[in-house]
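Engineer: Just one file: target.cif, with mmCIF, C-alpha atoms.
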data_entry
loop_
_atom_site.label_atom_id
_atom_site.label_comp_id
_atom_site.auth_asym_id
_atom_site.auth_seq_id
_atom_site.Cartn_x
_atom_site.Cartn_y
_atom_site.Cartn_z
CA MET A 1 0.00 0.00 0.00
CA LYS A 2 1.29 3.47 -0.89
CA LEU A 3 2.33 5.87 1.89
CA LYS A 4 -0.38 8.37 0.86
CA ASN A 5 -3.10 5.72 1.18
CA ILE A 6 -1.81 4.64 4.60
CA ALA A 7 -1.96 8.24 5.87
CA GLY A 8 -5.52 8.59 4.58
CA LEU A 9 -6.55 5.36 6.31
CA LEU A 10 -5.11 6.55 9.62
CA ILE A 11 -7.06 9.81 9.40
CA LEU A 12 -10.29 7.90 8.76
CA LEU A 13 -9.62 5.64 11.76
CA VAL A 14 -9.11 8.65 14.05
CA PHE A 15 -12.41 10.25 12.99
CA ALA A 16 -14.25 6.92 13.21
CA SER A 17 -13.14 6.45 16.80
CA GLY A 18 -14.61 9.82 17.82
CA PRO A 19 -12.95 12.89 19.38
CA LEU A 20 -9.79 12.46 21.38
CA LYS A 21 -10.28 12.64 25.15
CA ALA A 22 -8.61 15.42 27.12
CA GLN A 23 -5.46 14.29 28.87
CA GLN A 24 -6.04 13.48 32.53
CA ALA A 25 -4.14 15.66 34.99
CA LYS A 26 -1.04 14.04 36.47
CA GLY A 27 -1.50 15.76 39.81
CA LYS A 28 -3.50 14.96 42.93
CA LEU A 29 -5.94 16.85 45.13
CA PHE A 30 -5.63 16.78 48.92
CA ILE A 31 -8.84 18.32 50.24
CA ILE A 32 -9.12 18.93 54.00
CA GLY A 33 -12.48 19.64 55.64
CA GLY A 34 -11.12 22.28 58.01
CA GLY A 35 -10.51 22.21 61.76
CA SER A 36 -7.28 21.02 63.33
CA ARG A 37 -4.66 19.24 61.22
CA SER A 38 -2.88 16.37 62.92
CA ASP A 39 0.78 15.68 62.24
CA ALA A 40 -0.30 12.37 60.70
CA LEU A 41 -2.54 14.22 58.25
CA ILE A 42 0.22 16.62 57.20
CA LYS A 43 2.70 13.74 56.93
CA ASP A 44 0.24 12.06 54.55
CA LEU A 45 0.04 15.32 52.58
CA VAL A 46 3.83 15.51 52.24
CA THR A 47 4.05 11.83 51.28
CA THR A 48 1.23 12.18 48.75
CA SER A 49 3.00 15.17 47.19
CA GLY A 50 6.25 13.24 46.79
CA LEU A 51 8.21 16.24 48.05
CA LYS A 52 11.98 16.11 47.69
CA PRO A 53 14.43 18.51 49.40
CA THR A 54 14.93 20.28 46.06
CA ASP A 55 11.18 20.86 45.59
CA TYR A 56 9.20 23.73 47.06
CA VAL A 57 5.72 24.41 48.43
CA VAL A 58 3.63 27.49 47.68
CA VAL A 59 1.02 28.60 50.20
CA LEU A 60 -1.81 30.79 48.89
CA PRO A 61 -3.29 32.67 51.88
CA MET A 62 -5.78 34.95 50.11
CA ALA A 63 -8.88 33.41 51.71
CA SER A 64 -7.65 34.18 55.22
CA GLU A 65 -8.28 37.31 57.29
CA GLU A 66 -4.91 36.64 58.96
CA PRO A 67 -2.78 35.38 56.06
CA ASP A 68 0.60 35.73 57.81
CA THR A 69 -0.59 33.83 60.88
CA GLY A 70 -2.18 31.12 58.76
CA PHE A 71 1.02 30.74 56.79
CA LYS A 72 3.10 30.52 59.97
CA TYR A 73 1.19 27.49 61.27
CA ILE A 74 1.10 25.47 58.05
CA ASP A 75 4.77 26.31 57.42
CA LEU A 76 5.74 24.86 60.81
CA GLN A 77 3.66 21.73 60.24
CA ILE A 78 4.98 20.99 56.76
CA LYS A 79 8.62 21.57 57.79
CA LYS A 80 8.32 18.79 60.38
CA HIS A 81 8.15 16.30 57.50
CA THR A 82 10.25 17.74 54.67
CA GLN A 83 13.27 19.90 53.92
CA ALA A 84 11.51 21.45 50.94
CA LYS A 85 11.17 25.23 51.06
CA VAL A 86 7.74 26.70 51.86
CA ARG A 87 6.87 30.04 50.24
CA ASN A 88 4.06 32.49 51.02
CA PHE A 89 2.53 34.12 47.90
CA ASP A 90 -0.07 36.63 49.09
CA PHE A 91 -1.36 37.92 45.76
CA ALA A 92 -4.16 39.84 47.50
CA LYS A 93 -1.58 41.97 49.31
CA PHE A 94 1.03 42.38 46.58
CA GLY A 95 -1.10 42.09 43.43
CA ILE A 96 -1.11 39.75 40.45
CA GLY A 97 1.73 41.60 38.76
CA GLN A 98 4.24 39.37 40.54
CA LYS A 99 5.32 37.51 37.40
CA GLY A 100 8.09 35.68 39.23
CA TRP A 101 5.52 34.36 41.69
CA VAL A 102 3.22 33.18 38.90
CA ASP A 103 6.09 31.34 37.20
CA SER A 104 7.10 29.75 40.50
CA LEU A 105 3.50 28.78 41.22
CA GLN A 106 3.13 26.69 38.08
CA ASN A 107 6.34 24.81 38.93
CA ALA A 108 5.54 24.13 42.61
CA LYS A 109 5.33 20.51 43.74
CA LEU A 110 2.67 21.31 46.35
CA ILE A 111 0.23 24.24 46.38
CA TYR A 112 -1.64 24.76 49.65
CA ILE A 113 -4.71 27.04 49.93
CA LEU A 114 -5.52 28.37 53.40
CA GLY A 115 -8.99 28.53 54.92
CA GLY A 116 -11.09 31.64 55.48
CA ASP A 117 -13.58 32.93 52.92
CA GLN A 118 -13.75 31.09 49.59
CA ASN A 119 -15.38 34.11 47.95
CA ARG A 120 -12.44 36.30 48.97
CA PHE A 121 -10.00 33.78 47.50
CA MET A 122 -11.78 33.51 44.15
CA LYS A 123 -12.00 37.30 43.91
CA SER A 124 -8.19 37.35 43.92
CA VAL A 125 -7.77 34.40 41.54
CA LEU A 126 -10.58 34.14 38.99
CA ASN A 127 -9.69 35.25 35.46
CA THR A 128 -6.06 35.89 36.42
CA PRO A 129 -2.70 34.22 35.61
CA ILE A 130 -2.86 32.71 39.12
CA TYR A 131 -5.83 30.55 38.09
CA GLN A 132 -3.98 29.35 34.98
CA ALA A 133 -0.78 28.65 36.93
CA ILE A 134 -2.64 26.45 39.43
CA HIS A 135 -4.14 24.42 36.60
CA GLN A 136 -0.79 24.12 34.82
CA ALA A 137 0.87 22.87 38.01
CA TYR A 138 -1.91 20.31 38.49
CA GLN A 139 -1.62 19.10 34.91
CA LYS A 140 2.13 18.63 35.31
CA GLY A 141 1.86 16.56 38.51
CA ALA A 142 1.61 18.94 41.47
CA THR A 143 -0.59 18.21 44.45
CA ILE A 144 -3.17 20.95 45.04
CA ALA A 145 -4.27 21.04 48.69
CA GLY A 146 -6.68 23.20 50.64
CA THR A 147 -8.50 23.36 53.94
CA SER A 148 -11.97 24.73 54.74
CA ALA A 149 -12.44 27.56 52.20
CA GLY A 150 -9.45 26.06 50.42
CA ALA A 151 -11.51 22.89 50.07
CA ALA A 152 -14.62 24.64 48.76
CA VAL A 153 -12.72 26.35 45.92
CA MET A 154 -11.68 23.01 44.38
CA SER A 155 -15.06 22.57 42.69
CA LYS A 156 -16.28 24.13 39.47
CA TYR A 157 -19.53 24.99 41.27
CA MET A 158 -18.43 26.36 44.64
CA ILE A 159 -20.75 26.64 47.64
CA THR A 160 -20.58 30.26 48.81
CA GLY A 161 -22.48 29.71 52.05
CA LYS A 162 -25.31 32.07 51.12
CA GLN A 163 -29.00 31.28 50.79
CA LEU A 164 -30.99 32.94 48.00
CA LEU A 165 -34.50 32.61 49.43
CA VAL A 166 -33.89 33.01 53.15
CA LYS A 167 -32.72 36.38 54.50
CA ASP A 168 -31.34 35.21 57.85
CA TYR A 169 -28.08 33.29 57.37
CA LYS A 170 -28.17 29.72 58.66
CA GLU A 171 -25.12 27.68 57.75
CA THR A 172 -27.08 24.47 58.38
CA PHE A 173 -29.92 25.53 56.01
CA ASN A 174 -33.10 25.06 58.06
CA GLN A 175 -35.21 24.32 54.99
CA LEU A 176 -34.77 22.22 51.85
CA LEU A 177 -36.01 24.66 49.23
CA ASP A 178 -35.58 24.56 45.47
CA LYS A 179 -32.94 26.97 44.13
CA ASN A 180 -32.13 28.32 47.58
CA ILE A 181 -28.39 27.62 47.53
CA GLU A 182 -25.95 30.02 45.92
CA LEU A 183 -23.14 28.49 43.89
CA ALA A 184 -20.31 30.50 42.37
CA GLU A 185 -17.41 29.69 40.09
CA GLY A 186 -14.51 27.96 41.82
CA LEU A 187 -11.16 26.70 40.56
CA GLY A 188 -12.77 23.89 38.57
CA LEU A 189 -10.17 21.28 39.50
CA LEU A 190 -13.24 19.12 40.18
CA THR A 191 -15.73 19.62 37.37
CA HIS A 192 -18.32 16.97 38.30
CA THR A 193 -18.09 17.06 42.11
CA VAL A 194 -19.13 19.70 44.66
CA VAL A 195 -17.24 19.77 47.97
CA ASP A 196 -18.52 21.00 51.33
CA GLN A 197 -16.38 21.31 54.46
CA HIS A 198 -16.73 21.20 58.29
CA PHE A 199 -19.46 18.81 57.27
CA ILE A 200 -20.44 16.61 60.21
CA LYS A 201 -19.23 19.06 62.86
CA ARG A 202 -21.52 21.79 61.50
CA ASN A 203 -24.35 19.53 60.34
CA ARG A 204 -24.37 20.71 56.72
CA TYR A 205 -26.48 17.90 55.24
CA ASN A 206 -29.29 20.24 54.16
CA ARG A 207 -26.81 22.50 52.43
CA LEU A 208 -25.31 19.68 50.38
CA LEU A 209 -28.74 18.19 49.61
CA SER A 210 -29.74 21.61 48.27
CA ALA A 211 -26.69 21.58 45.99
CA LEU A 212 -27.56 18.06 44.82
CA ALA A 213 -31.09 19.15 43.94
CA LEU A 214 -29.65 21.99 41.87
CA HIS A 215 -27.12 19.71 40.12
CA PRO A 216 -28.43 16.13 40.33
CA GLU A 217 -25.96 15.00 37.66
CA MET A 218 -23.03 15.70 39.98
CA VAL A 219 -21.50 13.99 43.02
CA MET A 220 -21.69 15.80 46.37
CA VAL A 221 -18.94 15.21 48.94
CA GLY A 222 -19.02 16.50 52.53
CA ILE A 223 -15.69 16.35 54.38
CA ASP A 224 -15.60 16.64 58.15
CA GLU A 225 -12.98 18.50 60.17
CA SER A 226 -9.51 16.98 60.69
CA THR A 227 -10.22 14.75 57.69
CA ALA A 228 -9.29 14.84 54.01
CA ILE A 229 -9.87 13.11 50.72
CA VAL A 230 -6.97 12.42 48.39
CA ILE A 231 -8.10 12.39 44.77
CA GLN A 232 -6.25 10.93 41.84
CA GLY A 233 -8.23 10.17 38.71
CA ASN A 234 -11.71 8.99 39.67
CA LYS A 235 -10.78 7.56 43.08
CA ALA A 236 -10.92 9.32 46.45
CA ARG A 237 -9.07 7.98 49.51
CA VAL A 238 -10.14 9.10 52.98
CA THR A 239 -7.49 10.06 55.53
CA GLY A 240 -7.81 11.59 58.99
CA ASP A 241 -9.81 11.39 62.19
CA SER A 242 -13.47 11.66 61.13
CA GLN A 243 -15.70 10.82 58.15
CA VAL A 244 -16.67 11.80 54.63
CA VAL A 245 -20.19 11.75 53.19
CA ARG A 246 -20.96 11.08 49.53
CA MET A 247 -24.38 11.85 47.95
CA ALA A 248 -25.38 11.22 44.34
CA LYS A 249 -28.05 10.08 41.87
CA PRO A 250 -31.35 11.36 43.33
CA GLU A 251 -34.30 9.43 41.91
CA LYS A 252 -37.57 11.08 40.86
CA LEU A 253 -36.33 14.47 42.00
CA ALA A 254 -39.20 16.95 42.12
CA THR A 255 -40.40 20.17 43.72
CA THR A 256 -43.74 20.81 45.42
CA SER A 257 -45.93 23.82 44.66
CA THR A 258 -44.42 25.54 47.73
CA GLY A 259 -40.84 24.95 46.57
CA LEU A 260 -39.97 21.98 48.79
CA ILE A 261 -37.47 19.48 47.37
CA LYS A 262 -38.33 15.79 47.31
CA SER A 263 -36.81 12.55 45.99
CA THR A 264 -37.73 8.86 46.31
CA ASN A 265 -34.14 7.75 46.83
CA ILE A 266 -30.63 9.22 47.01
CA GLN A 267 -27.35 7.31 46.86
CA PHE A 268 -25.60 7.82 50.21
CA GLY A 269 -22.20 6.68 51.43
CA LEU A 270 -20.33 7.26 54.70
CA PHE A 271 -16.56 6.66 54.70
CA ALA A 272 -13.69 6.76 57.20
CA HIS A 273 -9.90 6.59 57.21
CA GLY A 274 -8.50 4.23 54.60
CA ASP A 275 -11.70 3.88 52.61
CA VAL A 276 -11.67 4.49 48.86
CA PHE A 277 -14.73 5.51 46.83
CA GLU A 278 -15.60 6.54 43.30
CA ILE A 279 -15.66 10.22 42.47
CA LYS A 280 -16.24 12.27 39.34
CA PRO A 281 -13.21 14.48 38.73
#
Mind converting the file's structure to structure tokens?

Structural biologist:
Amino acid sequence: MKLKNIAGLLILLVFASGPLKAQQAKGKLFIIGGGSRSDALIKDLVTTSGLKPTDYVVVLPMASEEPDTGFKYIDLQIKKHTQAKVRNFDFAKFGIGQKGWVDSLQNAKLIYILGGDQNRFMKSVLNTPIYQAIHQAYQKGATIAGTSAGAAVMSKYMITGKQLLVKDYKETFNQLLDKNIELAEGLGLLTHTVVDQHFIKRNRYNRLLSALALHPEMVMVGIDESTAIVIQGNKARVTGDSQVVRMAKPEKLATTSTGLIKSTNIQFGLFAHGDVFEIKP
């Protein structure tokens, strides 16, 4: 067969097999539900990241009201388990014009996002080179970690904490109402999963159920304090002291005339340290 004919046949085979799938990120996500962080949890984070003495960690403190204090504590914890340098890049304080920081960010082995206010963090990051650098680092193999607000920002659809139909703020959501939960754009490292934090400690079941009713095609994951999930591909491993809740696939989801949410059945899982479950990255 002539070379020209072989090339034509290869092109036909590519189109017949459908569009090429996007390359899966080489990195991992280490998502902590807030609260205290045990040394065992941080040791797991360092091990998961594969940190070597020549690597470095970048802490992004923009969600925090006390960024320097927050950095101080995580810096001390990480340095117990690695000789890798830990850097504090406060873009909210010094601006996004720090090109050297952006370049360093995309080459970090571990990126850690502090807790605080997820809305404050995304205000500093969305539609900026910082956002792109985080994604580039993740694609190349970095571990992206976050706690509390730093956990919430991992999702494409981020829970802001606000209710749309109830004026008085209740973080537990006292009612299960249709379209009551506000979701905003997060980092999008998880495109088919929504993460909630402080989950069991603060009894946020109604909040996550409200998110599931708004996006029934997605997986909802609630992570308790002092606990994390480690995501690589479509698997999530639980590590830490408490539990993780997984909700998905509501059946016969409907809304009453007064706006109440109802469903005949919802897939529910409760997991603890060492358990592995399916997730939609």

Engineer: Which residue is closest to Val221 of chain A? Choose from A:Phe268, A:Phe89, A:Trp101, A:Phe121 and count only C-alpha atoms.

Structural biologist: A:Phe268

Engineer: Take the PyMOL selection byres ((chain A and resi 272-278) around 8), run it mentally on this structure, and tell me the resulting residues as a ChimeraX atom specification.

Structural biologist: /A:234-244,270-271,279-280

Engineer: Which residue out of A:Asn119, A:Gln136, A:Thr264, A:Ser210 has the minimum interatomic distance to Gln163 of chain A when all atoms listed in the file are used?

Structural biologist: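 Counting all atoms listed in the file, the residue closest to Gln163 of chain A is A:Ser210.
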
Engineer: Excluding segment 55-67 of chain A and residues on its chain fewer than 2 positions from it, collect all residues at most 8 Å away from it, counting all atoms listed in the file, and give them as a PyMOL selection string.

Structural biologist: chain A and resi 51-53+69-71+84-92+105+108-121+124+149-150

Engineer: Can you measure atom CA of Ala211 of chain A to atom CA of Lys179 of chain A for me? One decimal in Å is fine.

Structural biologist: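 Answer for the atom CA of Ala211 of chain A to atom CA of Lys179 of chain A separation: 8.5 Å.
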
Engineer: When you draw a straight line from atom CA of Arg204 of chain A to atom CA of Gln232 of chain A, how long is it in Å?

Structural biologist: 25.4 Å

Engineer: Using all atoms listed in the file, which of A:Ala151, A:Ile181, A:Ile261, A:Ile130 sits nearest Leu164 of chain A?

Structural biologist: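 Between A:Ala151, A:Ile181, A:Ile261, A:Ile130, the residue approaching Leu164 of chain A most closely is A:Ile181.
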
Engineer: Specify as a VMD selection string each residue included when the PyMOL selection byres ((chain A and resi 192) around 6) is applied to this file.

Structural biologist: chain A and resid 190 to 191 193 218 280 to 281

Engineer: Under the rule that all atoms listed in the file are counted, which of A:Lys262, A:Lys156, A:His198, A:Lys249 is the nearest residue to Leu176 of chain A?

Structural biologist: A:Lys262

Engineer: Using only C-alpha atoms for the distances, tell me which of A:Gln132, A:Asn206, A:Thr256, A:Gln267 is nearest to Thr172 of chain A.

Structural biologist: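 Closest to Thr172 of chain A, using only C-alpha atoms: A:Asn206.
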
Engineer: Hey, what comes out of the PyMOL selection byres ((chain A and resi 161) around 9) on this file? Could you write it as a VMD selection string?

Structural biologist: chain A and resid 159 to 160 162 to 163 169 to 171 181 to 183 207

Engineer: What does the distance between atom CA of Leu165 of chain A and atom CA of Asn180 of chain A come to in Å, to one decimal place?

Structural biologist: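 One can read the atom CA of Leu165 of chain A to atom CA of Asn180 of chain A distance as 5.2 Å.
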
Engineer: Can you work out which one of A:Leu45, A:Leu208, A:Met220, A:Val194 has the shortest atom-to-atom distance to Phe173 of chain A, counting all atoms listed in the file?

Structural biologist: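 For Phe173 of chain A, the nearest of the given residues is A:Leu208.
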
Engineer: For segment 80-109 of chain A, which lacks atoms in the input, supply N, CA and C atoms and format the output as a PDB file, in the frame of the given file.

Structural biologist:
ATOM      1  N   LYS A  80       8.038  19.942  59.515  1.00  0.00           N
ATOM      2  CA  LYS A  80       8.320  18.790  60.380  1.00  0.00           C
ATOM      3  C   LYS A  80       8.598  17.528  59.557  1.00  0.00           C
ATOM      4  N   HIS A  81       8.124  17.533  58.288  1.00  0.00           N
ATOM      5  CA  HIS A  81       8.150  16.300  57.500  1.00  0.00           C
ATOM      6  C   HIS A  81       8.943  16.408  56.201  1.00  0.00           C
ATOM      7  N   THR A  82       9.502  17.578  55.911  1.00  0.00           N
ATOM      8  CA  THR A  82      10.250  17.740  54.670  1.00  0.00           C
ATOM      9  C   THR A  82      11.241  18.892  54.794  1.00  0.00           C
ATOM     10  N   GLN A  83      12.301  18.813  53.988  1.00  0.00           N
ATOM     11  CA  GLN A  83      13.270  19.900  53.920  1.00  0.00           C
ATOM     12  C   GLN A  83      12.954  20.868  52.775  1.00  0.00           C
ATOM     13  N   ALA A  84      11.897  20.583  52.052  1.00  0.00           N
ATOM     14  CA  ALA A  84      11.510  21.450  50.940  1.00  0.00           C
ATOM     15  C   ALA A  84      11.145  22.851  51.449  1.00  0.00           C
ATOM     16  N   LYS A  85      11.468  23.852  50.684  1.00  0.00           N
ATOM     17  CA  LYS A  85      11.170  25.230  51.060  1.00  0.00           C
ATOM     18  C   LYS A  85       9.662  25.489  50.961  1.00  0.00           C
ATOM     19  N   VAL A  86       9.152  26.318  51.861  1.00  0.00           N
ATOM     20  CA  VAL A  86       7.740  26.700  51.860  1.00  0.00           C
ATOM     21  C   VAL A  86       7.661  28.206  51.647  1.00  0.00           C
ATOM     22  N   ARG A  87       6.937  28.627  50.612  1.00  0.00           N
ATOM     23  CA  ARG A  87       6.870  30.040  50.240  1.00  0.00           C
ATOM     24  C   ARG A  87       5.443  30.579  50.408  1.00  0.00           C
ATOM     25  N   ASN A  88       5.349  31.835  50.790  1.00  0.00           N
ATOM     26  CA  ASN A  88       4.060  32.490  51.020  1.00  0.00           C
ATOM     27  C   ASN A  88       3.804  33.505  49.907  1.00  0.00           C
ATOM     28  N   PHE A  89       2.850  33.210  49.012  1.00  0.00           N
ATOM     29  CA  PHE A  89       2.530  34.120  47.900  1.00  0.00           C
ATOM     30  C   PHE A  89       1.176  34.764  48.150  1.00  0.00           C
ATOM     31  N   ASP A  90       1.184  35.920  48.798  1.00  0.00           N
ATOM     32  CA  ASP A  90      -0.070  36.630  49.090  1.00  0.00           C
ATOM     33  C   ASP A  90      -0.368  37.600  47.952  1.00  0.00           C
ATOM     34  N   PHE A  91      -1.034  37.100  46.924  1.00  0.00           N
ATOM     35  CA  PHE A  91      -1.360  37.920  45.760  1.00  0.00           C
ATOM     36  C   PHE A  91      -2.355  39.027  46.098  1.00  0.00           C
ATOM     37  N   ALA A  92      -3.187  38.809  47.121  1.00  0.00           N
ATOM     38  CA  ALA A  92      -4.160  39.840  47.500  1.00  0.00           C
ATOM     39  C   ALA A  92      -3.444  41.073  48.050  1.00  0.00           C
ATOM     40  N   LYS A  93      -2.326  40.867  48.705  1.00  0.00           N
ATOM     41  CA  LYS A  93      -1.580  41.970  49.310  1.00  0.00           C
ATOM     42  C   LYS A  93      -0.647  42.643  48.307  1.00  0.00           C
ATOM     43  N   PHE A  94       0.003  41.840  47.470  1.00  0.00           N
ATOM     44  CA  PHE A  94       1.030  42.380  46.580  1.00  0.00           C
ATOM     45  C   PHE A  94       0.615  42.450  45.115  1.00  0.00           C
ATOM     46  N   GLY A  95      -0.591  41.959  44.788  1.00  0.00           N
ATOM     47  CA  GLY A  95      -1.100  42.090  43.430  1.00  0.00           C
ATOM     48  C   GLY A  95      -0.679  40.946  42.524  1.00  0.00           C
ATOM     49  N   ILE A  96      -1.365  40.849  41.381  1.00  0.00           N
ATOM     50  CA  ILE A  96      -1.110  39.750  40.450  1.00  0.00           C
ATOM     51  C   ILE A  96       0.025  40.065  39.486  1.00  0.00           C
ATOM     52  N   GLY A  97       0.637  41.236  39.651  1.00  0.00           N
ATOM     53  CA  GLY A  97       1.730  41.600  38.760  1.00  0.00           C
ATOM     54  C   GLY A  97       3.056  40.950  39.127  1.00  0.00           C
ATOM     55  N   GLN A  98       3.029  40.065  40.118  1.00  0.00           N
ATOM     56  CA  GLN A  98       4.240  39.370  40.540  1.00  0.00           C
ATOM     57  C   GLN A  98       4.526  38.215  39.583  1.00  0.00           C
ATOM     58  N   LYS A  99       5.121  38.530  38.421  1.00  0.00           N
ATOM     59  CA  LYS A  99       5.320  37.510  37.400  1.00  0.00           C
ATOM     60  C   LYS A  99       6.215  36.371  37.897  1.00  0.00           C
ATOM     61  N   GLY A 100       7.216  36.712  38.678  1.00  0.00           N
ATOM     62  CA  GLY A 100       8.090  35.680  39.230  1.00  0.00           C
ATOM     63  C   GLY A 100       7.337  34.705  40.092  1.00  0.00           C
ATOM     64  N   TRP A 101       6.356  35.224  40.862  1.00  0.00           N
ATOM     65  CA  TRP A 101       5.520  34.360  41.690  1.00  0.00           C
ATOM     66  C   TRP A 101       4.663  33.435  40.827  1.00  0.00           C
ATOM     67  N   VAL A 102       4.082  33.988  39.778  1.00  0.00           N
ATOM     68  CA  VAL A 102       3.220  33.180  38.900  1.00  0.00           C
ATOM     69  C   VAL A 102       4.026  32.053  38.259  1.00  0.00           C
ATOM     70  N   ASP A 103       5.223  32.361  37.788  1.00  0.00           N
ATOM     71  CA  ASP A 103       6.090  31.340  37.200  1.00  0.00           C
ATOM     72  C   ASP A 103       6.452  30.266  38.219  1.00  0.00           C
ATOM     73  N   SER A 104       6.760  30.697  39.437  1.00  0.00           N
ATOM     74  CA  SER A 104       7.100  29.750  40.500  1.00  0.00           C
ATOM     75  C   SER A 104       5.895  28.885  40.878  1.00  0.00           C
ATOM     76  N   LEU A 105       4.717  29.495  40.858  1.00  0.00           N
ATOM     77  CA  LEU A 105       3.500  28.780  41.220  1.00  0.00           C
ATOM     78  C   LEU A 105       3.256  27.588  40.303  1.00  0.00           C
ATOM     79  N   GLN A 106       3.427  27.774  39.013  1.00  0.00           N
ATOM     80  CA  GLN A 106       3.130  26.690  38.080  1.00  0.00           C
ATOM     81  C   GLN A 106       4.180  25.580  38.119  1.00  0.00           C
ATOM     82  N   ASN A 107       5.302  25.836  38.802  1.00  0.00           N
ATOM     83  CA  ASN A 107       6.340  24.810  38.930  1.00  0.00           C
ATOM     84  C   ASN A 107       6.454  24.247  40.351  1.00  0.00           C
ATOM     85  N   ALA A 108       5.530  24.641  41.232  1.00  0.00           N
ATOM     86  CA  ALA A 108       5.540  24.130  42.610  1.00  0.00           C
ATOM     87  C   ALA A 108       5.142  22.649  42.623  1.00  0.00           C
ATOM     88  N   LYS A 109       5.687  21.932  43.579  1.00  0.00           N
ATOM     89  CA  LYS A 109       5.330  20.510  43.740  1.00  0.00           C
ATOM     90  C   LYS A 109       4.071  20.361  44.580  1.00  0.00           C
TER      91      LYS A 109
END
